[in-house]
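Undergrad: Input protein-v6.txt, format and content: compact mmCIF, C-alpha atoms.
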```txt
# COMPACT_ATOMS: atom_id res chain seq x y z
CA MET A 21 -31.29 -2.60 -25.15
CA LEU A 22 -30.11 -3.37 -21.62
CA GLU A 23 -32.30 -1.99 -18.87
CA GLU A 24 -30.92 -0.78 -15.58
CA THR A 25 -33.11 -2.69 -13.16
CA GLY A 26 -31.06 -2.00 -10.03
CA PRO A 27 -30.26 -4.44 -7.23
CA GLU A 28 -32.54 -7.43 -6.99
CA TRP A 29 -33.50 -6.77 -3.41
CA LEU A 30 -35.28 -3.58 -4.37
CA SER A 31 -37.65 -5.35 -6.73
CA GLU A 32 -38.16 -8.78 -5.20
CA GLU A 33 -40.88 -9.37 -2.66
CA VAL A 34 -39.60 -9.67 0.87
CA LYS A 35 -40.50 -13.06 2.29
CA THR A 36 -39.71 -14.47 5.65
CA GLY A 37 -39.08 -17.89 3.93
CA THR A 38 -38.61 -19.45 7.24
CA THR A 39 -38.93 -22.23 9.76
CA ILE A 40 -41.37 -21.80 12.62
CA ILE A 41 -42.51 -24.27 15.21
CA ALA A 42 -44.75 -24.25 18.28
CA ILE A 43 -45.31 -27.10 20.72
CA GLU A 44 -47.54 -27.56 23.74
CA PHE A 45 -46.43 -29.08 27.04
CA ASN A 46 -48.27 -29.68 30.27
CA GLY A 47 -48.56 -26.14 31.60
CA GLY A 48 -47.52 -24.02 28.63
CA VAL A 49 -46.07 -23.73 25.15
CA VAL A 50 -42.69 -23.24 23.48
CA LEU A 51 -42.39 -21.33 20.20
CA GLY A 52 -39.32 -21.17 18.00
CA SER A 53 -38.21 -19.51 14.78
CA ASP A 54 -35.14 -18.81 12.68
CA SER A 55 -34.12 -15.22 11.82
CA ARG A 56 -33.61 -14.98 8.07
CA VAL A 57 -35.58 -12.59 5.82
CA SER A 58 -34.91 -12.90 2.12
CA ALA A 59 -35.78 -10.85 -0.97
CA GLY A 60 -35.10 -13.20 -3.88
CA ASP A 61 -31.53 -14.41 -3.38
CA SER A 62 -30.46 -11.73 -0.94
CA VAL A 63 -30.78 -11.94 2.80
CA VAL A 64 -32.11 -8.53 3.78
CA ASN A 65 -32.31 -9.17 7.51
CA ARG A 66 -30.37 -11.92 9.26
CA VAL A 67 -31.54 -11.24 12.79
CA MET A 68 -35.30 -10.76 12.56
CA ASN A 69 -37.38 -12.04 15.45
CA LYS A 70 -40.37 -13.76 13.91
CA LEU A 71 -42.05 -14.47 17.21
CA SER A 72 -44.42 -11.58 17.73
CA PRO A 73 -46.41 -10.94 20.92
CA LEU A 74 -50.18 -10.69 20.56
CA HIS A 75 -50.71 -10.39 24.28
CA ASP A 76 -48.79 -11.04 27.51
CA LYS A 77 -49.14 -14.78 27.26
CA ILE A 78 -50.02 -15.24 23.60
CA TYR A 79 -47.44 -15.13 20.82
CA CYS A 80 -47.59 -15.81 17.11
CA ALA A 81 -44.92 -17.07 14.71
CA LEU A 82 -44.73 -15.37 11.32
CA SER A 83 -44.05 -16.95 7.93
CA GLY A 84 -44.67 -16.20 4.27
CA SER A 85 -44.74 -12.61 3.06
CA ALA A 86 -43.04 -10.47 5.71
CA ALA A 87 -45.32 -7.48 5.18
CA ASP A 88 -48.54 -9.51 5.26
CA ALA A 89 -47.51 -11.43 8.36
CA GLN A 90 -46.44 -8.35 10.31
CA THR A 91 -49.62 -6.50 9.39
CA ILE A 92 -51.84 -9.36 10.50
CA ALA A 93 -49.93 -9.61 13.79
CA GLU A 94 -50.27 -5.88 14.47
CA MET A 95 -53.96 -5.83 13.64
CA VAL A 96 -54.68 -8.79 15.88
CA ASN A 97 -52.58 -7.26 18.66
CA TYR A 98 -54.83 -4.19 18.54
CA GLN A 99 -58.07 -6.18 18.31
CA LEU A 100 -57.00 -8.40 21.21
CA ASP A 101 -56.23 -5.36 23.40
CA VAL A 102 -59.71 -3.98 22.75
CA HIS A 103 -61.27 -7.38 23.38
CA SER A 104 -59.45 -7.92 26.66
CA ILE A 105 -60.59 -4.50 27.93
CA GLU A 106 -64.16 -5.36 26.97
CA ILE A 107 -64.21 -8.69 28.79
CA ASP A 108 -62.10 -7.34 31.65
CA LYS A 109 -59.73 -10.29 31.77
CA ASP A 110 -56.89 -11.89 29.86
CA PRO A 111 -57.97 -13.19 26.45
CA ARG A 112 -58.07 -16.86 25.57
CA VAL A 113 -55.56 -18.26 23.10
CA ARG A 114 -58.46 -19.53 21.01
CA SER A 115 -59.76 -15.93 20.71
CA ALA A 116 -56.41 -14.73 19.40
CA ALA A 117 -56.25 -17.60 16.93
CA THR A 118 -59.81 -16.90 15.79
CA LEU A 119 -58.96 -13.26 15.12
CA VAL A 120 -55.95 -14.30 13.04
CA ARG A 121 -58.03 -16.87 11.22
CA ASN A 122 -60.76 -14.33 10.43
CA ILE A 123 -58.29 -12.03 8.72
CA SER A 124 -56.50 -14.89 6.91
CA TYR A 125 -59.76 -16.29 5.61
CA LYS A 126 -61.44 -13.04 4.62
CA TYR A 127 -58.41 -11.84 2.66
CA LYS A 128 -57.10 -15.20 1.57
CA GLU A 129 -56.76 -14.18 -2.09
CA GLU A 130 -54.69 -11.09 -1.30
CA LEU A 131 -52.57 -12.31 1.57
CA SER A 132 -49.86 -14.91 1.62
CA ALA A 133 -48.80 -15.42 5.18
CA HIS A 134 -49.19 -18.23 7.67
CA LEU A 135 -49.22 -17.50 11.38
CA ILE A 136 -49.00 -20.13 14.10
CA VAL A 137 -50.65 -18.86 17.30
CA ALA A 138 -49.61 -20.29 20.67
CA GLY A 139 -49.97 -19.28 24.29
CA TRP A 140 -51.25 -20.04 27.76
CA ASP A 141 -54.56 -19.15 29.34
CA ARG A 142 -56.16 -20.02 32.64
CA ARG A 143 -59.01 -22.03 31.11
CA ASP A 144 -57.24 -24.50 28.81
CA GLY A 145 -53.54 -24.18 29.68
CA GLY A 146 -51.02 -24.31 26.86
CA GLN A 147 -52.46 -24.40 23.34
CA VAL A 148 -51.11 -24.28 19.78
CA PHE A 149 -53.29 -23.31 16.81
CA ALA A 150 -52.49 -23.49 13.11
CA THR A 151 -54.25 -20.96 10.87
CA LEU A 152 -52.97 -21.89 7.42
CA ASN A 153 -55.21 -20.72 4.55
CA GLY A 154 -57.94 -19.60 6.89
CA LEU A 155 -58.56 -22.81 8.80
CA LEU A 156 -58.38 -23.01 12.58
CA THR A 157 -57.14 -26.18 14.18
CA ARG A 158 -55.67 -26.96 17.56
CA GLN A 159 -52.69 -29.31 17.45
CA PRO A 160 -50.19 -30.67 19.97
CA PHE A 161 -47.48 -29.07 17.83
CA ALA A 162 -47.28 -27.22 14.51
CA VAL A 163 -44.47 -26.47 12.07
CA GLY A 164 -44.58 -23.97 9.24
CA GLY A 165 -42.59 -22.05 6.67
CA SER A 166 -40.43 -23.26 3.81
CA GLY A 167 -38.02 -25.05 6.12
CA SER A 168 -40.74 -27.15 7.70
CA SER A 169 -40.90 -29.59 4.75
CA TYR A 170 -37.45 -30.89 5.63
CA VAL A 171 -38.29 -31.67 9.22
CA TYR A 172 -41.71 -33.31 8.98
CA GLY A 173 -40.03 -36.71 9.27
CA TYR A 174 -37.98 -35.63 12.27
CA VAL A 175 -40.90 -34.14 14.22
CA ASP A 176 -43.15 -37.12 13.40
CA ALA A 177 -40.52 -39.48 14.77
CA GLU A 178 -39.38 -37.50 17.79
CA TYR A 179 -42.57 -35.95 19.19
CA ARG A 180 -43.88 -37.63 22.31
CA ARG A 181 -46.78 -36.55 24.47
CA ASN A 182 -46.13 -35.27 27.97
CA MET A 183 -42.71 -33.80 27.45
CA ASN A 184 -41.67 -31.23 30.02
CA LYS A 185 -40.58 -27.67 29.28
CA GLU A 186 -36.86 -28.40 28.93
CA GLU A 187 -37.45 -31.35 26.61
CA CYS A 188 -39.76 -29.19 24.47
CA GLN A 189 -37.13 -26.46 24.26
CA GLN A 190 -34.53 -29.00 23.16
CA PHE A 191 -36.98 -30.49 20.64
CA VAL A 192 -37.66 -27.02 19.17
CA LEU A 193 -33.96 -26.18 19.04
CA ASN A 194 -33.05 -29.44 17.29
CA THR A 195 -35.84 -29.03 14.78
CA LEU A 196 -34.87 -25.44 13.97
CA SER A 197 -31.22 -26.37 13.60
CA LEU A 198 -31.98 -29.25 11.21
CA ALA A 199 -34.28 -27.10 9.08
CA MET A 200 -31.81 -24.19 8.97
CA ASN A 201 -29.12 -26.56 7.74
CA ARG A 202 -31.19 -27.72 4.79
CA ASP A 203 -33.40 -24.79 3.80
CA GLY A 204 -31.71 -21.96 1.95
CA SER A 205 -34.39 -19.55 3.10
CA SER A 206 -33.91 -20.28 6.82
CA GLY A 207 -30.87 -19.44 8.89
CA GLY A 208 -29.22 -17.04 11.24
CA VAL A 209 -29.98 -17.40 14.93
CA ALA A 210 -32.79 -19.21 16.72
CA TYR A 211 -35.36 -17.36 18.80
CA ILE A 212 -37.24 -19.35 21.44
CA VAL A 213 -40.16 -18.16 23.55
CA SER A 214 -41.44 -20.25 26.48
CA ILE A 215 -44.80 -19.34 27.97
CA ASP A 216 -46.32 -20.82 31.10
CA GLU A 217 -48.51 -19.73 33.99
CA HIS A 218 -45.71 -17.90 35.77
CA SER A 219 -43.60 -16.31 33.06
CA THR A 220 -42.92 -15.54 29.43
CA GLU A 221 -39.28 -16.11 28.63
CA GLU A 222 -37.56 -14.99 25.41
CA LYS A 223 -34.21 -16.47 24.46
CA VAL A 224 -31.79 -16.17 21.55
CA ILE A 225 -29.48 -19.01 20.61
CA LEU A 226 -26.60 -17.83 18.43
CA GLY A 227 -25.34 -19.73 15.39
CA ASN A 228 -22.38 -21.44 17.01
CA ASP A 229 -24.45 -22.61 19.99
CA LEU A 230 -27.00 -24.44 17.86
CA PRO A 231 -27.01 -28.25 18.03
CA THR A 232 -24.81 -29.91 15.41
CA PHE A 233 -25.17 -33.27 13.69
CA PHE A 234 -22.99 -35.97 12.35
CA ASP A 235 -21.91 -34.24 9.15
CA GLN A 236 -20.89 -30.91 10.72
CA MET B 15 -49.36 -18.91 -1.04
CA GLU B 16 -45.87 -19.58 0.04
CA LYS B 17 -43.87 -21.90 -2.23
CA ARG B 18 -42.73 -25.11 -0.66
CA CYS B 19 -39.72 -26.26 -2.57
CA MET B 20 -40.42 -29.92 -3.28
CA ASP B 21 -38.54 -32.11 -5.72
CA SER B 22 -41.64 -32.87 -7.76
CA GLN B 23 -42.31 -29.21 -8.37
CA VAL B 24 -38.73 -28.17 -8.99
CA LYS B 25 -37.76 -31.00 -11.33
CA GLY B 26 -41.07 -31.17 -13.16
CA VAL B 27 -41.02 -34.93 -13.63
CA SER B 28 -40.54 -37.32 -10.73
CA THR B 29 -41.12 -41.00 -10.06
CA GLY B 30 -42.90 -39.77 -6.98
CA THR B 31 -40.77 -41.89 -4.77
CA THR B 32 -38.53 -42.14 -1.75
CA ILE B 33 -35.12 -43.79 -2.07
CA LEU B 34 -32.20 -43.96 0.28
CA ALA B 35 -28.90 -45.67 0.97
CA ALA B 36 -26.74 -45.72 4.09
CA THR B 37 -23.43 -47.28 5.09
CA PHE B 38 -23.00 -49.17 8.34
CA ASP B 39 -20.12 -51.04 9.90
CA GLY B 40 -19.42 -53.73 7.30
CA GLY B 41 -22.03 -53.02 4.65
CA VAL B 42 -24.67 -50.82 3.10
CA VAL B 43 -28.45 -50.72 3.14
CA ILE B 44 -30.26 -49.46 0.06
CA GLY B 45 -34.02 -49.09 -0.04
CA SER B 46 -37.10 -47.57 -1.62
CA ASP B 47 -40.87 -47.40 -1.37
CA SER B 48 -43.05 -49.29 -3.86
CA ARG B 49 -45.61 -46.89 -5.28
CA ALA B 50 -45.86 -45.88 -8.93
CA SER B 51 -48.41 -43.16 -9.59
CA ILE B 52 -49.76 -41.30 -12.59
CA GLY B 53 -49.96 -37.55 -12.07
CA GLY B 54 -50.10 -38.01 -8.34
CA GLU B 55 -53.73 -39.11 -8.64
CA TYR B 56 -53.83 -42.77 -9.54
CA VAL B 57 -51.61 -45.45 -8.06
CA SER B 58 -50.66 -47.57 -11.03
CA SER B 59 -48.64 -50.05 -9.01
CA LYS B 60 -48.59 -50.70 -5.28
CA THR B 61 -45.65 -53.08 -5.28
CA ILE B 62 -43.05 -51.99 -7.80
CA ASN B 63 -39.43 -52.62 -6.81
CA LYS B 64 -37.28 -49.60 -7.52
CA VAL B 65 -34.04 -51.20 -6.35
CA VAL B 66 -32.24 -52.59 -9.38
CA GLN B 67 -29.33 -55.03 -9.30
CA VAL B 68 -26.56 -53.99 -11.69
CA HIS B 69 -24.06 -56.58 -10.51
CA ASP B 70 -23.70 -59.26 -7.83
CA GLN B 71 -22.99 -56.87 -4.99
CA ILE B 72 -23.92 -53.53 -6.55
CA PHE B 73 -27.46 -52.15 -6.54
CA CYS B 74 -28.94 -48.88 -7.61
CA CYS B 75 -32.12 -46.89 -7.08
CA MET B 76 -33.50 -44.46 -9.55
CA ALA B 77 -35.21 -41.10 -9.22
CA GLY B 78 -36.68 -38.91 -11.91
CA SER B 79 -38.29 -40.09 -15.10
CA LEU B 80 -38.86 -43.84 -14.86
CA ALA B 81 -38.36 -44.39 -18.58
CA ASP B 82 -35.00 -42.60 -18.61
CA ALA B 83 -33.89 -44.42 -15.50
CA GLN B 84 -34.72 -47.85 -16.90
CA ALA B 85 -32.92 -47.12 -20.16
CA VAL B 86 -29.83 -45.88 -18.36
CA THR B 87 -29.68 -48.82 -15.93
CA LYS B 88 -29.99 -51.29 -18.79
CA ALA B 89 -27.08 -49.66 -20.58
CA ALA B 90 -25.10 -49.56 -17.35
CA LYS B 91 -25.69 -53.26 -16.66
CA PHE B 92 -24.34 -54.11 -20.07
CA HIS B 93 -21.25 -51.90 -19.72
CA LEU B 94 -20.53 -53.28 -16.27
CA SER B 95 -20.70 -56.94 -17.24
CA LEU B 96 -18.40 -56.32 -20.20
CA HIS B 97 -16.04 -54.38 -17.93
CA SER B 98 -15.92 -57.13 -15.36
CA VAL B 99 -15.16 -59.77 -17.99
CA GLN B 100 -12.29 -57.66 -19.33
CA MET B 101 -10.89 -56.95 -15.85
CA GLU B 102 -11.42 -60.54 -14.66
CA ILE B 103 -12.54 -59.28 -11.26
CA PRO B 104 -15.92 -58.10 -9.97
CA PRO B 105 -16.44 -54.39 -10.79
CA LEU B 106 -15.81 -51.72 -8.20
CA VAL B 107 -18.82 -49.80 -6.88
CA ILE B 108 -17.26 -46.59 -8.17
CA ALA B 109 -17.07 -48.17 -11.62
CA ALA B 110 -20.82 -48.77 -11.59
CA ALA B 111 -21.45 -45.22 -10.37
CA SER B 112 -19.09 -43.81 -13.00
CA VAL B 113 -20.84 -45.65 -15.80
CA LEU B 114 -24.13 -44.10 -14.71
CA LYS B 115 -22.47 -40.72 -14.35
CA GLU B 116 -21.00 -40.82 -17.87
CA LEU B 117 -24.40 -41.62 -19.33
CA CYS B 118 -26.14 -38.89 -17.32
CA TYR B 119 -23.50 -36.25 -18.02
CA LYS B 120 -23.09 -36.90 -21.73
CA ASN B 121 -26.83 -36.89 -22.25
CA LYS B 122 -27.73 -34.27 -19.72
CA ASP B 123 -29.91 -32.29 -22.11
CA GLU B 124 -32.17 -35.23 -22.90
CA LEU B 125 -32.25 -37.14 -19.64
CA GLN B 126 -34.00 -36.44 -16.37
CA ALA B 127 -32.77 -39.12 -14.04
CA GLY B 128 -30.64 -39.34 -10.93
CA PHE B 129 -29.27 -42.43 -9.17
CA ILE B 130 -28.13 -43.74 -5.86
CA THR B 131 -25.60 -46.56 -6.22
CA ALA B 132 -24.62 -48.70 -3.28
CA GLY B 133 -22.55 -51.82 -2.92
CA TRP B 134 -19.57 -53.60 -1.52
CA ASP B 135 -16.20 -54.25 -3.13
CA LYS B 136 -12.87 -55.59 -1.93
CA LYS B 137 -10.96 -52.35 -2.44
CA LYS B 138 -13.01 -49.85 -0.45
CA GLY B 139 -15.60 -51.96 1.31
CA PRO B 140 -19.13 -50.59 1.63
CA GLN B 141 -19.81 -47.43 -0.40
CA VAL B 142 -22.71 -45.19 -1.41
CA TYR B 143 -22.51 -42.89 -4.42
CA VAL B 144 -25.02 -40.42 -5.72
CA VAL B 145 -25.24 -39.30 -9.34
CA SER B 146 -27.34 -36.16 -9.54
CA LEU B 147 -29.44 -34.85 -12.42
CA GLY B 148 -26.67 -33.06 -14.31
CA GLY B 149 -24.14 -35.83 -13.88
CA MET B 150 -22.25 -34.94 -10.68
CA LEU B 151 -20.80 -37.98 -8.92
CA ILE B 152 -20.20 -37.77 -5.22
CA ARG B 153 -19.60 -40.29 -2.45
CA GLN B 154 -21.58 -39.87 0.78
CA PRO B 155 -22.05 -42.00 3.90
CA VAL B 156 -25.81 -41.62 3.62
CA THR B 157 -28.03 -40.18 0.93
CA ILE B 158 -31.73 -39.80 0.12
CA GLY B 159 -33.64 -38.98 -3.04
CA GLY B 160 -37.03 -38.72 -4.70
CA SER B 161 -40.00 -36.51 -3.90
CA GLY B 162 -40.49 -38.05 -0.46
CA SER B 163 -36.93 -37.33 0.60
CA THR B 164 -37.73 -33.64 1.28
CA TYR B 165 -39.61 -34.64 4.42
CA ILE B 166 -36.86 -36.75 5.93
CA TYR B 167 -33.79 -34.53 5.52
CA GLY B 168 -34.14 -33.46 9.13
CA TYR B 169 -34.66 -37.01 10.38
CA VAL B 170 -31.68 -38.42 8.46
CA ASP B 171 -29.38 -35.57 9.53
CA ALA B 172 -30.35 -36.09 13.15
CA LYS B 173 -30.46 -39.89 13.34
CA TYR B 174 -27.75 -41.21 11.06
CA LYS B 175 -24.55 -42.20 12.82
CA PRO B 176 -21.45 -43.54 11.06
CA ASN B 177 -20.52 -47.16 11.92
CA MET B 178 -23.91 -48.31 13.16
CA SER B 179 -24.58 -52.01 13.43
CA ARG B 180 -26.53 -53.85 10.74
CA GLU B 181 -29.73 -53.95 12.83
CA GLU B 182 -29.51 -50.27 13.78
CA CYS B 183 -29.00 -49.27 10.17
CA LEU B 184 -31.88 -51.43 8.96
CA GLN B 185 -34.14 -49.87 11.60
CA PHE B 186 -32.96 -46.38 10.66
CA ALA B 187 -33.67 -47.01 6.95
CA THR B 188 -37.09 -48.54 7.67
CA ASN B 189 -38.04 -45.60 9.92
CA ALA B 190 -36.89 -43.05 7.36
CA LEU B 191 -38.89 -44.70 4.57
CA ALA B 192 -41.96 -45.03 6.79
CA LEU B 193 -41.81 -41.34 7.77
CA ALA B 194 -41.45 -40.23 4.16
CA MET B 195 -44.29 -42.49 3.02
CA GLY B 196 -46.43 -41.04 5.78
CA ARG B 197 -46.04 -37.49 4.54
CA ASP B 198 -45.57 -37.83 0.76
CA ASN B 199 -48.73 -38.84 -1.06
CA VAL B 200 -46.85 -40.23 -4.06
CA SER B 201 -44.69 -42.57 -1.97
CA GLY B 202 -46.16 -45.59 -0.26
CA GLY B 203 -46.82 -49.31 -0.29
CA VAL B 204 -44.14 -51.57 1.12
CA ALA B 205 -40.54 -50.82 1.96
CA HIS B 206 -38.02 -52.68 -0.19
CA LEU B 207 -34.61 -52.91 1.43
CA VAL B 208 -31.42 -54.64 0.32
CA VAL B 209 -28.52 -55.25 2.70
CA ILE B 210 -25.15 -55.75 0.99
CA THR B 211 -22.12 -57.01 2.89
CA GLU B 212 -18.91 -58.84 2.11
CA THR B 213 -20.68 -62.16 2.44
CA GLY B 214 -23.60 -61.43 0.21
CA VAL B 215 -26.91 -59.79 -0.43
CA GLU B 216 -30.16 -59.98 1.54
CA HIS B 217 -33.54 -58.65 0.49
CA VAL B 218 -35.90 -57.43 3.19
CA VAL B 219 -39.48 -56.45 2.40
CA VAL B 220 -41.47 -54.69 5.11
CA PRO B 221 -45.19 -54.75 4.29
CA GLY B 222 -47.35 -51.70 5.03
CA ASP B 223 -48.86 -53.00 8.26
CA LYS B 224 -45.47 -53.91 9.71
CA LEU B 225 -43.94 -50.49 9.12
CA PRO B 226 -43.12 -48.52 12.28
CA LYS B 227 -45.91 -46.27 13.48
CA PHE B 228 -45.39 -42.81 14.91
CA HIS B 229 -47.28 -40.62 17.31
CA ASN B 230 -49.97 -39.42 14.94
CA GLU B 231 -51.01 -42.84 13.59
```
Could I get this structure in the form of structure tokens?

TA:
Amino acid sequence: MLEETGPEWLSEEVKTGTTIIAIEFNGGVVLGSDSRVSAGDSVVNRVMNKLSPLHDKIYCALSGSAADAQTIAEMVNYQLDVHSIEIDKDPRVRSAATLVRNISYKYKEELSAHLIVAGWDRRDGGQVFATLNGLLTRQPFAVGGSGSSYVYGYVDAEYRRNMNKEECQQFVLNTLSLAMNRDGSSGGVAYIVSIDEHSTEEKVILGNDLPTFFDQ
Amino acid sequence: MEKRCMDSQVKGVSTGTTILAATFDGGVVIGSDSRASIGGEYVSSKTINKVVQVHDQIFCCMAGSLADAQAVTKAAKFHLSLHSVQMEIPPLVIAAASVLKELCYKNKDELQAGFITAGWDKKKGPQVYVVSLGGMLIRQPVTIGGSGSTYIYGYVDAKYKPNMSREECLQFATNALALAMGRDNVSGGVAHLVVITETGVEHVVVPGDKLPKFHNE
């Protein structure tokens, strides 16, 4: 007896199966992500911006289950607003990361999302925090999502301390492009957010403007 | 938790290894790590050489089940030496790769092994061929394999250039192996490299403490 199950994308979980990266430079951070959202084999959104603002100068990058990641980001956005009213100043990046970590850890059995939190604050400048599985760790740079496996070697080899903003943006763009070429769950366009003391700049790099490599 | 698609999980059985081969101007470099592990928990050998010579100027590296790979390479060595006696010339690299491909394809239901074949012959010069799990044969300028290769796809795509010099290619291969060994817990030990050119074959072994170090080490 053949059952009418309908199109796959109605029954498969929607994942952001993705590539995300955040890197710190002297004076700020750069975050980057791809734009593909898949449900099983189908791409249900090819232009999703996975870089979500938590506050004026604090962003997070979403990966894993799309619903879980978005919900965590929205909850932390709300909690951070309340917190910043209470302390009467802009929140620290570490506070935002701690709020994300608290949710990820408390509900670690039910949730499957990994958020990288990055931003700039007056006290410690640019900072990047990884919150995978409920840990909290500050790192010079962090990569995440299914596409990140393919670029661990590249980022290990190419990362140098004390890069400036433009070099960081190029580093993020190269890394995203390489991962999108190899990971079936990453693709589309690249979103880049650069945060420093003076501004928060969002940019989109379209498919044909991405860096290409020797076999393309 | 999110699934990271790694060779060892997808294929089920893996030699837990990193292998690669790359062509440069005038030759090829083929290399591997040297760790053999049981279940990813115990390192049964720190210094195993996974680069096998199948003829004077043709080498291959194996990925997948070690037992299958050894059986197939033994059969291939035999076929190749008979072939070269009958032809009265050294075998072509594509002949070696084809022999491996035939064995993998005909026995695809029983075997779980893939190969990288690299070498030099008079007809086409330096060549690299990859025979995948089901028996597909394809020629590529550079190729990587094994569980550790997942981590260096980005690095290889970015850093490989066609027609590098011998030294550049050797450095590229050493860096790629070192990066993979740094991230994959079932790859490690020393880097075994073989450089094959028209004039001959050179083995290079880079011990663990001489491997290139990167920012986080």

Undergrad: Any idea which chain A residues end up within 6 Å of chain B if we count all atoms listed in the file, as a VMD selection string please?

TA: chain A and resid 84 132 166 169 to 174 177 198 233

Undergrad: Any chance you could tabulate, as JSON lines, the residues of segment 139-185 of chain B at most 10 Å from segment 58-76 of chain B with each one's nearest atom pair and distance in Å to one decimal, using all atoms listed in the file, in chain and rising number order?

TA:
```
{"residue": "B:Pro140", "atom": "CA", "partner": "B:Gln71", "partner_atom": "CA", "distance": 9.9}
{"residue": "B:Gln141", "atom": "CA", "partner": "B:Ile72", "partner_atom": "CA", "distance": 9.6}
{"residue": "B:Val142", "atom": "CA", "partner": "B:Cys74", "partner_atom": "CA", "distance": 9.5}
{"residue": "B:Tyr143", "atom": "CA", "partner": "B:Cys74", "partner_atom": "CA", "distance": 9.3}
{"residue": "B:Val144", "atom": "CA", "partner": "B:Cys74", "partner_atom": "CA", "distance": 9.5}
{"residue": "B:Val145", "atom": "CA", "partner": "B:Met76", "partner_atom": "CA", "distance": 9.7}
{"residue": "B:Gly159", "atom": "CA", "partner": "B:Met76", "partner_atom": "CA", "distance": 8.5}
{"residue": "B:Gly160", "atom": "CA", "partner": "B:Met76", "partner_atom": "CA", "distance": 8.3}
```

Undergrad: Distance atom CA of Ile33 of chain B-atom CA of Gly139 of chain B, one decimal place?

TA: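 So the two atoms, atom CA of Ile33 of chain B and atom CA of Gly139 of chain B, lie 21.4 Å apart.
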
Undergrad: From the set A:Gln189, A:Ser104, A:Ser83, A:Thr195, which residue has the shortest atom-to-atom contact distance to Lys223 of chain A, counting all atoms listed in the file?

TA: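 Smallest separation from Lys223 of chain A among the options: A:Gln189.
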
Undergrad: Which residue, B:Val113, B:Gly128, B:Thr211, B:Asp82, has the smallest gap to Ser95 of chain B when you use only C-alpha atoms?

TA: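 For Ser95 of chain B, the nearest of the given residues is B:Val113.
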
Undergrad: Which value, in Å to one decimal, gives the distance between atom CA of Phe45 of chain A and atom CA of Glu186 of chain A?

TA: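 Computing the Euclidean distance for atom CA of Phe45 of chain A and atom CA of Glu186 of chain A yields 9.8 Å.
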
Undergrad: In Å to one decimal, how far is atom CA of Thr32 of chain B from atom CA of Asp223 of chain B?

TA: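 If I compute the distance from atom CA of Asp223 of chain B to atom CA of Thr32 of chain B, I get 18.0 Å.
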
Undergrad: Which of these, A:Gly204, A:Val163, A:Lys128, A:Glu106, has the shortest distance to Asp61 of chain A once you count only C-alpha atoms?

TA: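 Smallest separation from Asp61 of chain A among the options: A:Gly204.
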
Undergrad: Considering all atoms listed in the file, return as a list in words whatever protein or nucleic-acid residues lie within 10 Å of Gly37 of chain A, sequence-local ones (same chain, fewer than 6 positions apart) excluded.

TA: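 The residues that qualify are Asp54, Ser55, Arg56, Val57, Ser58, Ala59, Gly60, Leu82, Ser83, Gly84, Ser85, Ala86, Gly164, Gly165, Ser166, Gly167, Asp203, Gly204, Ser205, Ser206 and Gly207 of chain A; Glu16, Lys17 and Arg18 of chain B.
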
Undergrad: Set the distance at 10 Å and use all atoms listed in the file: which residues neighbour Glu94 of chain A once local chain neighbours fewer than 6 positions away are removed? I'd like the list as an MDAnalysis selection string.

TA: chainID A and resid 72:74 100

Undergrad: Find the residues near Cys118 of chain B: any atom within 12 Å, counting only C-alpha atoms, skip ones fewer than 4 places away on the same chain, and give them as a PDB file with C-alpha atoms, in the coordinates of the input.

TA:
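Output below, filename result-v5.pdb:
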```pdb
ATOM      1  CA  GLY B  78     -36.680 -38.910 -11.910  1.00  0.00           C
ATOM      2  CA  ASP B  82     -35.000 -42.600 -18.610  1.00  0.00           C
ATOM      3  CA  ALA B  83     -33.890 -44.420 -15.500  1.00  0.00           C
ATOM      4  CA  ALA B  85     -32.920 -47.120 -20.160  1.00  0.00           C
ATOM      5  CA  VAL B  86     -29.830 -45.880 -18.360  1.00  0.00           C
ATOM      6  CA  THR B  87     -29.680 -48.820 -15.930  1.00  0.00           C
ATOM      7  CA  ALA B  89     -27.080 -49.660 -20.580  1.00  0.00           C
ATOM      8  CA  ALA B  90     -25.100 -49.560 -17.350  1.00  0.00           C
ATOM      9  CA  ALA B 111     -21.450 -45.220 -10.370  1.00  0.00           C
ATOM     10  CA  SER B 112     -19.090 -43.810 -13.000  1.00  0.00           C
ATOM     11  CA  VAL B 113     -20.840 -45.650 -15.800  1.00  0.00           C
ATOM     12  CA  LEU B 114     -24.130 -44.100 -14.710  1.00  0.00           C
ATOM     13  CA  LYS B 122     -27.730 -34.270 -19.720  1.00  0.00           C
ATOM     14  CA  ASP B 123     -29.910 -32.290 -22.110  1.00  0.00           C
ATOM     15  CA  GLU B 124     -32.170 -35.230 -22.900  1.00  0.00           C
ATOM     16  CA  LEU B 125     -32.250 -37.140 -19.640  1.00  0.00           C
ATOM     17  CA  GLN B 126     -34.000 -36.440 -16.370  1.00  0.00           C
ATOM     18  CA  ALA B 127     -32.770 -39.120 -14.040  1.00  0.00           C
ATOM     19  CA  GLY B 128     -30.640 -39.340 -10.930  1.00  0.00           C
ATOM     20  CA  PHE B 129     -29.270 -42.430  -9.170  1.00  0.00           C
ATOM     21  CA  VAL B 144     -25.020 -40.420  -5.720  1.00  0.00           C
ATOM     22  CA  VAL B 145     -25.240 -39.300  -9.340  1.00  0.00           C
ATOM     23  CA  SER B 146     -27.340 -36.160  -9.540  1.00  0.00           C
ATOM     24  CA  LEU B 147     -29.440 -34.850 -12.420  1.00  0.00           C
ATOM     25  CA  GLY B 148     -26.670 -33.060 -14.310  1.00  0.00           C
ATOM     26  CA  GLY B 149     -24.140 -35.830 -13.880  1.00  0.00           C
ATOM     27  CA  MET B 150     -22.250 -34.940 -10.680  1.00  0.00           C
ATOM     28  CA  LEU B 151     -20.800 -37.980  -8.920  1.00  0.00           C
TER      29      LEU B 151
END
```
